[in-house]
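Heads up: the structure comes next, in structure tokens.
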Amino acid sequence: MMKNKKLLMIPGPTPVARSIQDQMARETVAFGDPEFVGDFKGLIGDLKDLWKSSGEVFVVAGTGTMAMEMAIANSMKSKDRVLIISHGYFGDRYTEICERKGLKVDVLKSEWGQVVPVKEIEEKLEKNDYQAVTVTHVDTATGVCAPVEEIGKLMAKYPNTLYIVDGVCATAGEFENMEEMNIDLLLTGSQKAFGVAPGIAIVWANSKAMDRRKTLGTIPEYYIDFEKWLPIMHDPSKYFATPAINMIWALKEAVAIIKEEGMKNRYQRHQRNARGLQKALEVLGFSLLAEKECRAVTLSNVIYPDGVKDADFRKILSEEGVMVAGGLGDYAGKMFRLGHMGNIDTHDMVSVLAAIERTLDRIGYPVEFGSSVGTYLSAVKEEK
Ligand SMILES: Cc1ncc(COP(=O)(O)O)c(C=O)c1O
């Protein structure tokens, strides 16, 4: 039987472009190979330039969770005080990481689908001395995008507090600029909006964050210590722990794609696709968990209308060629999560919507064929 092509539309890993796959399939060389050393050096320079870091960037084998931990391990010591802004599951993960580190943790939480008002963050900052504030740029459990720039403006008034942004579900999709947004530590993984397979963690640390690292002396963590990696990030021919050579090449290709597209254009493509898709899903009878003012452009968390069962919907949608993820927490069974970040084009978006229409039809839910596809195409045309 002929099978549908599978489109991987979960919120990471995302589809990996052919040219990126080709880099992973290359014959592995020594980490001291001059060509590889040059490639790694070029990648580090590009990552700093593109995200406007005044300090350093660390490209290390691992996942987003490791990058979260790396940012904390290198900026705070036990008993330091941190303010965590949580818009869902991954904000809560930061609480767990910080509690294990022995930090004094204050948490500001929103209802799922909403953001913590910046005013509340300001009140907390006025009352207490924090060594750091963490914010999840896009919480993958809720599809909420935090007002990173607005919080950054506030952070400028607190020079002794580091601003840490978890960009795992945002970086290379949502717009980010460390200088303009006053971000001190930004972190992500390769498998989301970079469109690379899982396996690489990236942490940017500006000069303020690097100064903080110096004040900590020897830290208990070893593999994720900035000071261990810094000599390698300055001269990748040196050894600390074996770099993930083929993954670094793959990331380099992903960055070449980003440079060619341009950071602003890339964000605008994500925005056009997201807004068009979100409108199209509403036409079909779905609703979105995130409120309109704080909706991500990298993924959509989509609530089912009455009469559509999660298990049936996702099984049939998969048969129709599209993989999506289930809801988390209280939204398990009530919602699906649809990633649309990375190297996704109009072909992919149209295919996803058409597959959703076919799925609804097979379930017996009333659908007018073409209605969502038409809505998406008109919305995208209008925005251009
Ligand atoms: C916002 C956010 N932070 C952190 C993580 C953890 O990343 P990883 O699964 O690569 O460890 C994720 C994963 O989905 C995420 O979406």
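Simple scheme: letters A, B, ... for chains in structure tokens order, numbers from 1 for residues in each chain, numbers from 1 for ligands in the order shown.
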
- [ ] May I ask you to write as a PyMOL selection string all residues lying at most 10 Å from ligand 1, with only C-alpha atoms and all ligand atoms counted?
- [x] chain A and resi 10-13+62-69+87-94+135-143+165-171+187-192+198-201

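Taking only stretch 147-216 of chain A, the residues that DSSP calls strand (DSSP E or B) from the backbone come to Leu162, Tyr163, Ile164, Val165, Asp166, Thr171, Glu174, Leu185, Leu186, Leu187, Thr188, Gly189, Ile200, Ala201, Ile202, Val203, Trp204 and Ala205 of chain A.
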
Keeping only N, CA and C atoms, write the selected residues as a PDB file, in the first residue's frame.
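Written file, result-v1.pdb:
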```
ATOM      1  N   LEU A 162      20.776  38.929  36.909  1.00  0.00           N
ATOM      2  CA  LEU A 162      20.930  38.395  35.547  1.00  0.00           C
ATOM      3  C   LEU A 162      19.563  38.038  34.970  1.00  0.00           C
ATOM      4  N   TYR A 163      19.435  38.279  33.671  1.00  0.00           N
ATOM      5  CA  TYR A 163      18.194  37.954  32.972  1.00  0.00           C
ATOM      6  C   TYR A 163      18.460  36.702  32.117  1.00  0.00           C
ATOM      7  N   ILE A 164      17.837  35.586  32.539  1.00  0.00           N
ATOM      8  CA  ILE A 164      18.050  34.295  31.869  1.00  0.00           C
ATOM      9  C   ILE A 164      16.803  33.934  31.058  1.00  0.00           C
ATOM     10  N   VAL A 165      16.984  33.694  29.772  1.00  0.00           N
ATOM     11  CA  VAL A 165      15.840  33.354  28.916  1.00  0.00           C
ATOM     12  C   VAL A 165      16.007  31.939  28.364  1.00  0.00           C
ATOM     13  N   ASP A 166      15.010  31.084  28.638  1.00  0.00           N
ATOM     14  CA  ASP A 166      14.946  29.744  28.051  1.00  0.00           C
ATOM     15  C   ASP A 166      14.319  29.893  26.668  1.00  0.00           C
ATOM     16  N   THR A 171      14.118  30.244  20.128  1.00  0.00           N
ATOM     17  CA  THR A 171      15.317  30.745  19.451  1.00  0.00           C
ATOM     18  C   THR A 171      15.413  30.234  18.010  1.00  0.00           C
ATOM     19  N   GLU A 174      11.095  32.754  17.095  1.00  0.00           N
ATOM     20  CA  GLU A 174      10.703  34.053  17.680  1.00  0.00           C
ATOM     21  C   GLU A 174      11.905  34.995  17.545  1.00  0.00           C
ATOM     22  N   LEU A 185      21.705  35.715  29.677  1.00  0.00           N
ATOM     23  CA  LEU A 185      21.943  34.305  29.336  1.00  0.00           C
ATOM     24  C   LEU A 185      20.762  33.806  28.508  1.00  0.00           C
ATOM     25  N   LEU A 186      21.081  33.270  27.335  1.00  0.00           N
ATOM     26  CA  LEU A 186      20.038  32.735  26.448  1.00  0.00           C
ATOM     27  C   LEU A 186      20.415  31.293  26.134  1.00  0.00           C
ATOM     28  N   LEU A 187      19.439  30.410  26.150  1.00  0.00           N
ATOM     29  CA  LEU A 187      19.784  29.001  25.926  1.00  0.00           C
ATOM     30  C   LEU A 187      18.759  28.328  25.028  1.00  0.00           C
ATOM     31  N   THR A 188      19.244  27.313  24.282  1.00  0.00           N
ATOM     32  CA  THR A 188      18.331  26.540  23.449  1.00  0.00           C
ATOM     33  C   THR A 188      18.920  25.173  23.123  1.00  0.00           C
ATOM     34  N   GLY A 189      18.145  24.386  22.366  1.00  0.00           N
ATOM     35  CA  GLY A 189      18.596  23.082  21.867  1.00  0.00           C
ATOM     36  C   GLY A 189      18.496  23.084  20.346  1.00  0.00           C
ATOM     37  N   ILE A 200      22.379  18.948  20.434  1.00  0.00           N
ATOM     38  CA  ILE A 200      23.280  20.062  20.757  1.00  0.00           C
ATOM     39  C   ILE A 200      22.550  21.084  21.631  1.00  0.00           C
ATOM     40  N   ALA A 201      23.237  21.510  22.673  1.00  0.00           N
ATOM     41  CA  ALA A 201      22.737  22.599  23.523  1.00  0.00           C
ATOM     42  C   ALA A 201      23.563  23.852  23.210  1.00  0.00           C
ATOM     43  N   ILE A 202      22.888  24.991  23.175  1.00  0.00           N
ATOM     44  CA  ILE A 202      23.595  26.255  22.926  1.00  0.00           C
ATOM     45  C   ILE A 202      23.275  27.207  24.078  1.00  0.00           C
ATOM     46  N   VAL A 203      24.306  27.798  24.668  1.00  0.00           N
ATOM     47  CA  VAL A 203      24.094  28.805  25.713  1.00  0.00           C
ATOM     48  C   VAL A 203      24.922  30.039  25.363  1.00  0.00           C
ATOM     49  N   TRP A 204      24.242  31.177  25.229  1.00  0.00           N
ATOM     50  CA  TRP A 204      24.919  32.450  25.033  1.00  0.00           C
ATOM     51  C   TRP A 204      25.044  33.124  26.412  1.00  0.00           C
ATOM     52  N   ALA A 205      26.207  33.672  26.697  1.00  0.00           N
ATOM     53  CA  ALA A 205      26.401  34.376  27.976  1.00  0.00           C
ATOM     54  C   ALA A 205      27.060  35.718  27.654  1.00  0.00           C
TER      55      ALA A 205
END
```

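The closest residue to A:Thr215, picked from A:Asn74, A:Asn301, A:Pro15, A:Leu281 and counting only C-alpha atoms, is A:Asn74.
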
- [ ] Would you mind writing down, as a PyMOL selection string, each residue of stretch 73-317 of chain A that DSSP on the backbone assigns to alpha helix (DSSP H)?
- [x] chain A and resi 73+89-100+118-127+148-155+178-181+207-215+226-234+245-261+263-283+310-317

- [ ] Considering only C-alpha atoms, return as JSON, numbers by chain whatever protein or nucleic-acid residues lie within 7 Å of stretch 77-84 of chain A, sequence-local ones (same chain, fewer than 6 positions apart) excluded.
- [x] {"A": [95, 101, 102, 103, 104, 105, 106, 107, 108, 130, 131, 132, 133, 134, 135]}

- [ ] For stretch 380-383 of chain A, please output as a list of chain:residue names all residues within 12 Å (counting only C-alpha atoms; exclusion window: fewer than 5 positions along the same chain).
- [x]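 Listed by chain and then number, they are A:Gln268, A:Arg269, A:His270, A:Gln271, A:Arg272, A:Asn273, A:Ala274, A:Arg275, A:Gly276, A:Leu277, A:Gln278, A:Lys279, A:Ala280, A:Asp345, A:Thr346, A:Met349, A:Val350, A:Val373, A:Gly374, A:Thr375.
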
- [ ] Counting only C-alpha atoms, figure out which residue out of A:Ala172, A:Ile316, A:Val116, A:Ala379 gets nearest to A:Glu261.
- [x]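 Closest residue, counting only C-alpha atoms: A:Ala172.
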
Task: Two-atom distance - atom CA of A:Gly329, atom CA of A:Lys315 (Å) - done: 20.1 Å

Task: Residues near A:Leu8, cut-off 10 Å, only C-alpha atoms, skip fewer than 5 positions along chain, as a list in words - done: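 Once the adjacent positions are removed, what remains is Pro13, Thr14, Pro15, Val16, Ser318, Gly321, Val322, Met323, Val324, Ala325, Leu338, Gly339, His340, Asp348 and Val352 of chain A.
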
Go through stretch 350-373 of chain A residue by residue and, counting only C-alpha atoms, keep those with an atom at most 12 Å from stretch 286-290 of chain A; for each kept residue give the shortest atom pair and its distance in Å to one decimal, ordered by chain and increasing number, as JSON lines.
```
{"residue": "A:Ile356", "atom": "CA", "partner": "A:Phe286", "partner_atom": "CA", "distance": 11.0}
{"residue": "A:Glu357", "atom": "CA", "partner": "A:Phe286", "partner_atom": "CA", "distance": 11.7}
{"residue": "A:Leu360", "atom": "CA", "partner": "A:Phe286", "partner_atom": "CA", "distance": 11.1}
{"residue": "A:Tyr365", "atom": "CA", "partner": "A:Phe286", "partner_atom": "CA", "distance": 11.7}
{"residue": "A:Val367", "atom": "CA", "partner": "A:Phe286", "partner_atom": "CA", "distance": 11.7}
{"residue": "A:Ser372", "atom": "CA", "partner": "A:Phe286", "partner_atom": "CA", "distance": 11.0}
```
